[in-house]
Amino acid sequence: MTVHTVPTRPIEGQKPGTSGLRKKTPVFMQPHYLENFVQAIWNGTGGASGKTYVLGGDGRYFSDRAAQVILRMAAASGAKKVIVGQNALLSTPAASHLIRLRKADGGIIMSASHNPGGPNEDFGVKYNTANGGPAPEPVTEAIFAASKTLGEYHILDAQDVDLSTPGTTTLGGMEVEVVDPVADYAELMRSIFDFDKIRALFGDGFRIRFDAMHAVTGPYAKAILEGALGAPAGSVVNAVPSPDFGGGHPDPNPIWAKDLMDVMFGADAPDFGAASDGDGDRNMIVGRNCYVTPSDSLAVLAANATLVPAYAKGLKGVARSMPTSRALDRVAESLGLACCETPTGWKFFGNLLDADRATLCGEESAGTGSDHVREKDGLWAVLFWLNVLAERRQSVAEVMADHWAKFGRNYYSRHDYEAVDAGAASELMEALRARLSELPGQTIAGLRIEAADEFAYDDPVDGSRTERQGLRIMTQGGGRIVMRLSGTGTEGATLRVYLERVETDPARMKDDPQAALAPIITAAEEIAGIRARTGRPRPDVIT
Ligand code: G6P
Ligand code: ZN
């Protein structure tokens with residue numbers, strides 16, 4: 001087997017975003033595109049020589065071929081070993097766990113998360129470090145810098161490795177171990193939750209519908225929910241991962257998981273509904289006639305954490321991304337816990353988890369997780385809820401009502417303007433940024449503005465500073481408007497407007513969120529001129 005050294009030139013724009021490098025699949029399939037980026041990963045992280053990596057992904061279109069290229073490139077650059085999920089499948093949290101369990105030097109995850117997959121949809125490659133988490137900024141910067149000076153890459157001339165059966169083979173001088181993607185992860189879940197209690201809940205007739213959205217969590221949910229926990233066969237739907245996610249959009253929110261919403265709000269709804277995204281790190285929780293926002297879910301899990309064996313001794317602290325609602329802060333305050341506020345992007349939680357400053361973390365974008373891995377974890381969140389319900393023996397709606405009665409309700413919604421003209425979006429942000437200092441003291445749409453700033457984060461562990469992470473406007477009575485541009489879109493710019501208001505009046509706990517937020521929504525429009533600047537009469541997505 002010969003190692004080829006292929007001359008290449010830097011390719012524009014190989015800058016990892018919020019979560020790895022994501023592009024349209026045809027972009028990734030261009031000659032040298034994937035190879036350049038993989039070589040940049042090796043070059044930006046001190047070389048692959050002697051290293052052990054984990055490799056897998058959500059099974060989207062092109063992953064099978066990309067996996068073979070990555071294996072050949074790892075072998076050509078002298079890697080010692082690659083541990084690959086069978087058929088190149090590994091959910092993102094399972095990959096994170098495997099990196100930690102096997103003390104690997106890093107991992108490569110092939111996924112574009114919740115973005116659709118297919119020949120004309122999205123593909124992505126993400127590098128995770130030895131702690132199991134997404135590469136932090138200095139590492140992604142080093143990879144990007146390496147991509148800009150690339151003159152060649154190395155790849156082995158070899159046949160494809162058979163990834164269809166667990167076992168160990170060699171590729172050149174490198175060991176390739178194909179593993180069952182589910183087994184180690186299932187074991188980890190068993191060590192965290194009270195499986196006996198959850199099994200008893202199902203034994204008493206509790207019904208669940210888990211929608212795997214034709215994505216990677218199918219095999220995990222089948223094995224754990226239907227297998228280990230005894231949920232009735234058929235509880236997990238859309239359970240077979242497909243390269244184009246059944247033509248769907250594997251994002252667990254009320255819009256893309258509408259089938260699940262319809263079932264949960266229909267006649268004869270099961271007790272509990274949940275869904276996960278393409279790569280298994282996001283979650284959606286919905287009870288019978290009761291949708292739980294990700295921000296509320298995080299707050300509920302924090303408030304009930306001691307019901308779960310792994311967290312029975314209490315939490316070390318909690319953390320949320322800045323745009324996530326402050327429902328968590330209210331719980332933290334009552335429990336006397338530190339609550340950290342980080343920029344959007346799971347990678348910012350890594351240092352806090354490593355340093356034992358936080359046990360539980362979450363984001364408004366449907367991500368929840370803990371220190372058991374260094375990624376957010378969809379199925380873990382579902383099992384957490386099941387464990388809580390198995391202990392409390394209440395419906396989801398009852399748990400929410402109790403929670404709001406105790407802590408108040410943070411009405412919350414996100415309005416997205418997708419694929420807008422990138423120039424117009426940055427002008428909108430620039431104009432608002434320029435006006436921030438004059439806003440406090442003004443009354444807009446009947447709301448008095450108390451403070452306005454641009455969020456910057458000083459990491460308390462490594463001292464690094466991350467700036468320009470969203471514009472914030474605080475209104476009287478605990479209201480808040482946040483605006484930022486998405487770091488995960490692949491087309492134009494996506495403007496995200498996050499809206500929040502606290503309600504403590506017990507008689508106002510069941511309002512429609514859009515109605516409860518109406519003054520805040522009007523104020524956001526008046527302050528930023530969203531319609532005029534984007535040319536959009538209304539948001540494309542409201543969560
Ligand atoms: C991914 C990241 C999350 C992030 C989300 C939204 O799922 O892993 O950490 O919150 O994308 O990011 P965006 O920049 O599009 O708002
Ligand atoms: Zn994801």
# chains A, B, ... in the order shown; residues from 1 in each chain; ligands from 1

$ residues_near_ligand --ligand "ligand 2" --cutoff "9 Å" --atoms "only C-alpha atoms and all ligand atoms" --output "list in words"
Ser19, Ser91, Thr92, Ser111, Ala112, Ser113, His114, Asn115, Pro250, Asp251, Ser276, Asp277, Gly278, Asp279, Gly280, Asp281, Arg282, Asn283, Gly367, Lys376, Asp377 and Gly378 of chain A

$ write_last_selection --atoms "C-alpha atoms" --output "mmCIF file, in the first residue's frame"
data_model
loop_
_atom_site.group_PDB
_atom_site.id
_atom_site.type_symbol
_atom_site.label_atom_id
_atom_site.label_comp_id
_atom_site.auth_asym_id
_atom_site.auth_seq_id
_atom_site.Cartn_x
_atom_site.Cartn_y
_atom_site.Cartn_z
ATOM 1 C CA SER A 19 -20.211 23.356 15.320
ATOM 2 C CA SER A 91 -24.423 9.597 17.578
ATOM 3 C CA THR A 92 -22.566 12.724 18.658
ATOM 4 C CA SER A 111 -22.661 15.322 10.569
ATOM 5 C CA ALA A 112 -24.448 18.562 9.882
ATOM 6 C CA SER A 113 -26.579 17.926 12.947
ATOM 7 C CA HIS A 114 -30.197 18.927 12.375
ATOM 8 C CA ASN A 115 -29.680 20.176 8.814
ATOM 9 C CA PRO A 250 -34.229 16.103 11.358
ATOM 10 C CA ASP A 251 -34.663 18.978 13.776
ATOM 11 C CA SER A 276 -33.987 13.891 18.620
ATOM 12 C CA ASP A 277 -32.066 15.382 15.710
ATOM 13 C CA GLY A 278 -29.826 14.069 12.926
ATOM 14 C CA ASP A 279 -26.823 13.295 15.119
ATOM 15 C CA GLY A 280 -28.669 12.645 18.380
ATOM 16 C CA ASP A 281 -27.567 15.559 20.502
ATOM 17 C CA ARG A 282 -30.744 17.662 20.469
ATOM 18 C CA ASN A 283 -34.039 16.811 22.136
ATOM 19 C CA GLY A 367 -29.581 21.034 23.621
ATOM 20 C CA LYS A 376 -25.332 17.771 24.487
ATOM 21 C CA ASP A 377 -27.272 14.529 24.593
ATOM 22 C CA GLY A 378 -30.783 14.000 23.247
#

$ residues_near_ligand --ligand "ligand 1" --cutoff "6 Å" --atoms "only C-alpha atoms and all ligand atoms" --output "count of residues only"
10

$ residues_around --residues "His97 of chain A" --least-positions-apart "5" --cutoff "12 Å" --atoms "only C-alpha atoms" --output "VMD selection string"
chain A and resid 54 90 to 92 102 to 104 106 to 107 128 to 133 181 to 189 370 to 377

$ closest_residue --among "A:Leu383, A:Ile530, A:Leu335, A:Ala274" --to "Met429 of chain A" --atoms "only C-alpha atoms"
A:Ile530

$ closest_residue --among "A:Glu226, A:Tyr457, A:Ala515, A:Ala212" --to "Gly248 of chain A" --atoms "only C-alpha atoms"
A:Ala212

$ residues_around --residues "Ile473 of chain A" --least-positions-apart "5" --cutoff "12 Å" --atoms "only C-alpha atoms" --output "compact mmCIF listing (two decimals) with C-alpha atoms, in the first residue's frame"
# COMPACT_ATOMS: atom_id res chain seq x y z
CA PRO A 323 -29.93 33.56 24.62
CA LEU A 432 -28.42 48.37 16.39
CA ARG A 433 -24.92 48.05 17.83
CA ARG A 435 -27.56 52.67 18.99
CA LEU A 436 -27.14 50.44 22.06
CA SER A 437 -25.74 53.11 24.34
CA GLU A 438 -28.62 55.51 23.70
CA LEU A 439 -31.40 52.97 24.40
CA PRO A 440 -31.40 52.77 28.22
CA GLY A 441 -33.97 55.16 29.66
CA GLN A 442 -36.08 55.25 26.47
CA ILE A 444 -40.35 51.86 23.27
CA LEU A 447 -41.69 49.31 27.60
CA ARG A 448 -38.98 51.11 29.48
CA ILE A 449 -35.51 49.96 28.49
CA GLU A 450 -33.28 49.43 31.49
CA ALA A 451 -30.04 48.29 29.91
CA ALA A 452 -28.54 47.36 26.55
CA ASP A 453 -25.19 45.84 25.69
CA GLU A 454 -23.29 43.43 23.50
CA PHE A 455 -22.53 40.13 25.17
CA GLY A 478 -37.46 41.21 33.63
CA GLY A 479 -38.08 41.34 29.88
CA ARG A 480 -35.31 40.76 27.39
CA ILE A 481 -34.66 40.95 23.65
CA VAL A 482 -31.55 39.31 22.22
CA MET A 483 -30.45 39.48 18.60
CA ARG A 484 -27.64 37.60 16.96
CA VAL A 497 -34.45 37.22 17.73
CA TYR A 498 -34.89 35.80 21.23
CA LEU A 499 -37.79 37.16 23.26
CA GLU A 500 -38.45 36.68 26.95
CA ARG A 501 -40.65 37.98 29.75
CA ILE A 520 -41.67 42.59 23.63
CA ALA A 523 -40.51 46.59 20.83
CA ALA A 524 -37.97 44.37 19.01
CA ILE A 527 -35.89 49.00 17.84
CA ALA A 528 -34.30 47.05 14.97

$ residues_around --residues "Ala158 of chain A" --least-positions-apart "5" --cutoff "10 Å" --atoms "only C-alpha atoms" --output "PDB file with C-alpha atoms, in the first residue's frame"
ATOM      1  CA  MET A   1       0.000   0.000   0.000  1.00  0.00           C
ATOM      2  CA  THR A   2       1.486   3.301  -1.096  1.00  0.00           C
ATOM      3  CA  VAL A   3       1.130   6.651   0.587  1.00  0.00           C
ATOM      4  CA  GLN A  68     -13.085   5.716   3.980  1.00  0.00           C
ATOM      5  CA  VAL A  69     -11.170   8.855   2.953  1.00  0.00           C
ATOM      6  CA  ARG A  72      -6.967   6.333   4.513  1.00  0.00           C
ATOM      7  CA  LEU A 171      -5.092  -0.429   7.154  1.00  0.00           C
ATOM      8  CA  GLY A 172      -1.436   0.061   6.246  1.00  0.00           C
TER       9      GLY A 172
END

$ closest_residue --among "A:Gly124, A:Gln86, A:Ile41, A:Glu427" --to "Met29 of chain A" --atoms "only C-alpha atoms"
A:Gly124

$ residues_around --residues "Lys24 of chain A" --least-positions-apart "6" --cutoff "9 Å" --atoms "only C-alpha atoms" --output "list of chain:residue names"
A:Gly117, A:Pro119, A:Asn120, A:Glu121, A:Asp122, A:Phe123, A:Gly124, A:Thr490

$ write_last_selection --atoms "N, CA and C atoms" --output "compact mmCIF listing (two decimals), in the first residue's frame"
# COMPACT_ATOMS: atom_id res chain seq x y z
N GLY A 117 -30.04 16.14 5.04
CA GLY A 117 -28.93 15.47 4.36
C GLY A 117 -29.37 15.00 2.98
N PRO A 119 -27.83 14.46 -1.48
CA PRO A 119 -26.89 14.95 -2.50
C PRO A 119 -26.88 16.47 -2.64
N ASN A 120 -28.00 17.11 -2.37
CA ASN A 120 -28.02 18.58 -2.49
C ASN A 120 -28.30 19.27 -1.17
N GLU A 121 -28.14 18.54 -0.08
CA GLU A 121 -28.38 19.14 1.23
C GLU A 121 -27.04 19.38 1.93
N ASP A 122 -26.99 19.13 3.24
CA ASP A 122 -25.79 19.53 3.97
C ASP A 122 -24.93 18.36 4.44
N PHE A 123 -23.64 18.65 4.55
CA PHE A 123 -22.69 17.70 5.12
C PHE A 123 -21.79 18.48 6.07
N GLY A 124 -21.14 17.79 6.97
CA GLY A 124 -20.26 18.50 7.88
C GLY A 124 -19.23 17.59 8.51
N THR A 490 -26.04 27.63 6.35
CA THR A 490 -25.16 27.37 5.21
C THR A 490 -25.56 28.25 4.02

$ residues_around --residues "Gly46 of chain A" --least-positions-apart "3" --cutoff "12 Å" --atoms "only C-alpha atoms" --output "ChimeraX atom specification"
/A:39-43,49-51,77,79,105-106,139,142-143,146

$ atom_distance --atom1 "atom CA of Glu137 of chain A" --atom2 "atom CA of Ser464 of chain A"
9.5 Å

$ select_by_dssp --residues "segment 347-412 of chain A" --states "alpha helix (DSSP H)" --output "ChimeraX atom specification"
/A:350-354,378-392,396-407

$ closest_residue --among "A:Ala456, A:Ala434, A:Ala532, A:Ala405" --to "Gly470 of chain A" --atoms "only C-alpha atoms"
A:Ala456

$ closest_residue --among "A:Ser63, A:Thr494, A:Thr324, A:Gln14" --to "Thr534 of chain A" --atoms "only C-alpha atoms"
A:Thr494

$ select_by_dssp --residues "segment 90-294 of chain A" --states "strand (DSSP E or B)" --output "VMD selection string"
chain A and resid 106 to 110 122 to 129 134 152 to 156 167 to 171 174 to 179 208 to 211 236 to 237 272 to 276 282 to 287 290 to 292
